[in-house]
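Worksheet for the structure shown next.
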Amino acid sequence: MTYKELNLKLIELLPEIKKMYEDETSWQEGDNTGSHTVFADVFLPYILNNLNDKKITKKNFNVIEKILELNDEYADEVIVLSILENLFYEQDNIDKFKDFLGDLSKKIFDRFKL
């Protein structure tokens, strides 16, 4: 999967962040902006800013799970390093999202505890 494909997949799954995505990528490489940048600078803040809204949080974690279900090495790397690893360090907020982790994301998240 390319940067562009993964970035567009994120927007397809979560169209409500399209404006934030365009603001971030417009001054960079557009849809070809590195996915680590897009996920860390657009998707992660969106997740964190909406942790008090269970409906949005559930959707965000469903998006994470759907991307992991692609079983793509690059997509997995982006989710692990740019999203799940950063969420692991949000210990003050962990109770707000731990119940929303899907099977694949929970398995990865649990590895950080070792």
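Ordered as shown in the structure tokens, chains take letters A, B, and onward, while each chain numbers its residues from 1 and ligands are numbered from 1 in the order shown.
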Pick out the residues sitting within 12 Å of Ile67 (chain A), and hand them over as JSON, numbers by chain; count only C-alpha atoms, and ignore anything fewer than 6 positions along from it in its own chain.
-> {"A": [1, 5, 6, 7, 8, 9, 10, 11, 12, 13, 14, 39, 60, 61, 73, 74, 75, 76, 77, 78, 79, 80, 83, 102, 104, 105]}
As number ranges by chain, please: all residues of chain A that backbone DSSP puts in helix (DSSP H, G or I).
-> A: 3-13, 15-25, 30-32, 35-49, 54-68, 73-88, 91-100, 103-111
Separation of CA of Asn32 (chain A) from CA of Leu101 (chain A), in Å and rounded to one decimal =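 So the answer is 28.3 Å.
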Judged by only C-alpha atoms, the minimum distance to Asn93 (chain A) among A:Leu51, A:Pro15, A:Gly30, A:Tyr46 is found for A:Leu51
Of the residues A:Phe88, A:Phe97, A:Tyr21, A:Phe109, which is the one nearest to Phe43 (chain A), using only C-alpha atoms?
->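 Residue with the minimum atom-to-atom distance to Phe43 (chain A): A:Tyr21.
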When distances are computed from only C-alpha atoms, which of A:Lys4, A:Arg111, A:Lys106, A:Lys98 shows the smallest separation from Ser35 (chain A)?
->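 So, comparing all the options, the nearest one is A:Lys4.
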Tell me, as an NGL selection string, which residues lie within 12 Å of Asp95 (chain A), counting only C-alpha atoms; anything in the same chain fewer than 4 positions away does not count.
-> :A and (51-52 or 54 or 57 or 87-88 or 90-91 or 99-101)
Show which residues sit within 10 Å of Glu22 (chain A), as a PDB file with N, CA and C atoms, in the first residue's frame. Count only C-alpha atoms, and ignore same-chain residues fewer than 4 positions away.
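Listed below is the output, around-v5.pdb:
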ATOM      1  N   ILE A  17     -12.898  13.954   8.919  1.00  0.00           N
ATOM      2  CA  ILE A  17     -11.600  14.609   9.131  1.00  0.00           C
ATOM      3  C   ILE A  17     -11.008  15.156   7.830  1.00  0.00           C
ATOM      4  N   LYS A  18     -11.782  15.147   6.769  1.00  0.00           N
ATOM      5  CA  LYS A  18     -11.261  15.572   5.468  1.00  0.00           C
ATOM      6  C   LYS A  18     -10.696  16.993   5.493  1.00  0.00           C
ATOM      7  N   SER A  26      -2.094  20.049   2.376  1.00  0.00           N
ATOM      8  CA  SER A  26      -2.066  21.055   1.309  1.00  0.00           C
ATOM      9  C   SER A  26      -0.713  21.736   1.181  1.00  0.00           C
ATOM     10  N   TRP A  27       0.006  21.876   2.263  1.00  0.00           N
ATOM     11  CA  TRP A  27       1.308  22.539   2.222  1.00  0.00           C
ATOM     12  C   TRP A  27       2.457  21.521   2.160  1.00  0.00           C
ATOM     13  N   GLN A  28       2.088  20.250   2.052  1.00  0.00           N
ATOM     14  CA  GLN A  28       3.098  19.205   1.963  1.00  0.00           C
ATOM     15  C   GLN A  28       3.021  18.552   0.581  1.00  0.00           C
ATOM     16  N   GLY A  30       0.392  16.816  -0.618  1.00  0.00           N
ATOM     17  CA  GLY A  30      -0.985  16.456  -0.935  1.00  0.00           C
ATOM     18  C   GLY A  30      -1.290  15.048  -0.470  1.00  0.00           C
ATOM     19  N   ASP A  31      -1.988  14.285  -1.294  1.00  0.00           N
ATOM     20  CA  ASP A  31      -2.338  12.910  -0.924  1.00  0.00           C
ATOM     21  C   ASP A  31      -1.114  12.016  -0.769  1.00  0.00           C
ATOM     22  N   VAL A  38       0.381  12.051   8.370  1.00  0.00           N
ATOM     23  CA  VAL A  38      -1.076  12.217   8.344  1.00  0.00           C
ATOM     24  C   VAL A  38      -1.724  11.591   9.574  1.00  0.00           C
ATOM     25  N   VAL A  42      -3.025  14.272  12.139  1.00  0.00           N
ATOM     26  CA  VAL A  42      -4.441  14.492  11.856  1.00  0.00           C
ATOM     27  C   VAL A  42      -5.315  13.506  12.640  1.00  0.00           C
TER      28      VAL A  42
END
Selection: 8 Å around His36 (chain A), only C-alpha atoms, excl. self and same-chain fewer than 4 positions, as number ranges by chain | A: 40, 78, 81-82
Separation of CA of Ile64 (chain A) from CA of Leu84 (chain A), in Å and rounded to one decimal |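 Result for CA of Ile64 (chain A) versus CA of Leu84 (chain A): 9.0 Å, one decimal.
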